[in-house]
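The structure appears right after this line, and notes come after that.
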Amino acid sequence: MNMTRKIIMAATVLTLLFGLCASFWVSGEEVPYESYTYWEDTSAAGSRKAVYAKPSYTVKTVVSAASLGVKEFKQLSDICTDSSGNLYLLDGGNSRLIIADSNHTLVGELKSLNYNGEQLNFEGARSVYVHTDGTIYICDTDNQRVLLADAKGTVTDILTLPDSNLIPDDFRFLPIKVAVDSYGYTYVLSDGSYYGALLYTADNTFSGFYGANKVKGTLTDALSSLWSRLFVNNKKKEASVRALPYCFVDICIDAENFVYTATGFTDISQMTGQIKKLNPGGGSNVLNSDDVNFVDEGVNTTFDPGQMLKQDIGGVAVDNEGFMYCLDTTYGRVFLYDQECRLLTTFGGGMGTGEQAGTFKAANAIALRGSEVLVCDGIQNTVTVFQSTPYGALLRDTRALTLSGKYQEAKADWEEILRQDRNCQLAYSGLARAYLAEGEYTQAMTLARQGCDRDTYALAFDKQRNAFLTQYFWILLPCGLVLIGGLLTVLVLSMRKKLAPIKNKQLRLMLNTAIRPVQSFNEIKEKKEGSLLLCGVLVLLYYILSVLQELCGGFLFTFHDPSNFNSLWVLARSVGLIVLWIVSNKAVCTLMEGKGRLRDIAIVTCYSLIPVILGRVLFLVLSNILLPSEAEFLGILQTVMFLYTLLLLTIGTIKIHDYSMGRFLGTSALTVFSIAVIVFLVIMIGILMQQFFGFLVTLFLEMTM
């Protein structure tokens, strides 16, 4: 007993010492938040899978009123930086603007602005922006104006509600964000405006609205709208609500004068396209972002004391290389995207707790200063300064090289990135592009396959296939001609001499089903022909090919995720569906005066699978030969084989049950309905059994405690 206690005490001491040592052994990459990225197109086109990523950003410092030596902030509502690296902190609650240098040393403090001898305060202001010429723009939201001032606090101009026929009568001018391009055009976002940004020319004359969102509609919405238009009375018309687009919540402009907008919270069913890149003239989105979800794929909501928290992109910033930083104000996360809308990394967090540096209680603004990312917390009244890790800088610079087409220059860096983080999908794609540029097509295909990059794989495969055909065409052509000629000769001789290459009667009947279905199904019905053994072989072959289609199909035409593959699920939707059809059809047709026996239904159903089986064999072969540009042929082939199977099943069912076409369609519909009912009941029974066993386990634990 004493020995046991000593062992336990020794283990406890070792554990404490290990934990103490681990607490002192802190690498520069340990962060108090999740660092992750997404792998794309893993299990389906457009799918995403979250994976760990080596941290790309760490906290450099946290700026507060105490660190600046000023009075406590009442409501830190926005931050921005200028070309000199100075930091501007807008304390809208106290009507003051704090200015600090790049070392976060206080430079100045503006508590009011001078306008023709009058002191203007901006209590309730929502945002601040500093143009390259030094002009300070303050969105004085509560006072419905935008104040333009110099560094000394002298107001040079004021933007108010424009007097224009383009402005609706009920429009409220509540400026929340402002940005100015290199030509002096000013873009102002007004809270609750569905018309886009208000655009002012260089002389601050209102020019019109710019780049409004569009209402996203579905087929259901369109049908509902059409129904309402056709069948609606006056009361319903008065009570109807017109669908409006979502409003912009943030705006920024890059070095080429492209305008980036953040839409913010959207409905969960429409959580795509939150970030847009609008061209300077027309305001149309030139970023391929309409189908991109810029927030988390798997985590849309969480519950905190019964309250649903919804993800909301409330800020966007763009650096000189075009990388986009999107701030989720609900979860406190920053998502870093490139111009192809590929996620590089995610950092920050807190979900409203903000207990550690790098996490937030209420992140409400984002700004950039060189490679640093600054995030404002409106409750803690702090600014967290993130700095790039060596790995993060390498990842960003290497991705920029790849996007600019310098694949070979980026090759060594991608190899280093993979050495540090094997989860970086962009590294596999970048290396594949580099090997493709060098003419190493096999290596490019291998890396593209590892990184699920089907575009690069297709380019490399096309080059490899062309090289193979060029080298071996003189052998392939004669062999192909000899093979075709031999098959035609055997076919002609067998028809002339009435030879039967297949001696087994049952096997010959099964194969003739696909060629002479009426004659073959008559023999099955009237002569009681057909083999259940061959039916089992066909079903087994169908299942094996179903598995092989997912595991061994061409990489360009299949999406296989080993972590999600389940052969039992394939068994259920292949063999299980066949068994359900046979049983359900027998049950329905017995009530509908069908003459077919269960054996006949099974034989007809299984023999009808021959075209589908042949189609899957051809798919396995052709999907490893064809390119995506040639996919139409593969799609047509599969469709034809499926329709041919339906045709055989129709002919066979009509024959064995002695049905008309109308009765066949009716019993088939009832059969499908019966299958749905059986599946529903099986699922319900499974759920009830799970709950019952859970109850028994809980009861057993309660009784034994």
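Chain labels follow the order of the structure tokens: the first chain is A, the next B, and so on; residue numbering restarts at 1 in every chain, and ligands are counted from 1 in their shown order.
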**Shell of 7 Å around Lys74 (chain A), only C-alpha atoms, local chain residues under 2 positions omitted, as a PyMOL selection string** = chain A and resi 72+76+91+93-94
Store the residues of this selection in a file with C-alpha atoms, as a PDB file, in the first residue's frame.
ATOM      1  CA  GLU A  72      -9.756  55.829 -20.388  1.00  0.00           C
ATOM      2  CA  LEU A  76     -13.403  52.793 -28.955  1.00  0.00           C
ATOM      3  CA  ASP A  91     -13.163  57.274 -29.122  1.00  0.00           C
ATOM      4  CA  GLY A  93     -18.021  57.969 -26.714  1.00  0.00           C
ATOM      5  CA  ASN A  94     -15.715  60.795 -25.583  1.00  0.00           C
TER       6      ASN A  94
END
Give me the residues within 9 Å of Leu548 (chain A) as a compact mmCIF listing (two decimals) with all heavy atoms, in the first residue's frame, counting only C-alpha atoms and dropping any in the same chain fewer than 5 places off.
# COMPACT_ATOMS: atom_id res chain seq x y z
N TYR A 543 -22.04 -3.97 -56.77
CA TYR A 543 -21.53 -3.38 -55.52
C TYR A 543 -20.03 -3.11 -55.62
O TYR A 543 -19.55 -2.04 -55.23
CB TYR A 543 -21.83 -4.31 -54.35
CG TYR A 543 -21.11 -3.94 -53.09
CD1 TYR A 543 -21.39 -2.76 -52.41
CD2 TYR A 543 -20.10 -4.77 -52.58
CE1 TYR A 543 -20.71 -2.42 -51.25
CE2 TYR A 543 -19.43 -4.44 -51.42
CZ TYR A 543 -19.73 -3.26 -50.76
OH TYR A 543 -19.06 -2.92 -49.62
N GLY A 553 -11.92 5.68 -59.52
CA GLY A 553 -12.31 6.51 -60.65
C GLY A 553 -11.26 7.57 -60.92
O GLY A 553 -10.43 7.90 -60.07
N ARG A 616 -20.44 1.48 -65.66
CA ARG A 616 -19.46 1.74 -64.60
C ARG A 616 -18.08 1.21 -64.97
O ARG A 616 -17.07 1.80 -64.61
CB ARG A 616 -19.94 1.13 -63.29
CG ARG A 616 -21.27 1.72 -62.84
CD ARG A 616 -21.49 1.69 -61.37
NE ARG A 616 -22.63 2.53 -61.01
CZ ARG A 616 -23.05 2.73 -59.79
NH1 ARG A 616 -22.43 2.14 -58.78
NH2 ARG A 616 -24.08 3.52 -59.54
N LEU A 620 -14.81 3.63 -65.22
CA LEU A 620 -13.51 3.39 -64.59
C LEU A 620 -12.37 3.53 -65.59
O LEU A 620 -11.29 4.04 -65.25
CB LEU A 620 -13.48 1.99 -63.96
CG LEU A 620 -14.27 1.81 -62.67
CD1 LEU A 620 -14.29 0.34 -62.27
CD2 LEU A 620 -13.66 2.65 -61.56
**Request:** Can you pull out every residue within 10 Å of Phe258 (chain A), counting only C-alpha atoms, but drop anything in the same chain fewer than 5 positions away, and send it as a PyMOL selection string?
**Result:** chain A and resi 181+252-253+276-281+283+285-286
**Prompt:** What gap, in Å, lies between CA of Leu598 (chain A) and CA of Pro517 (chain A)?
**Reply:** 19.1 Å
**Request:** Tell me which protein, DNA and RNA residues are within 7 Å of region 572-588 of chain A, counting only C-alpha atoms, leaving out same-chain ones fewer than 5 positions away, and put them as a ChimeraX atom specification.
**Result:** /A:539,543,598,601-602,667,670-671,674-675
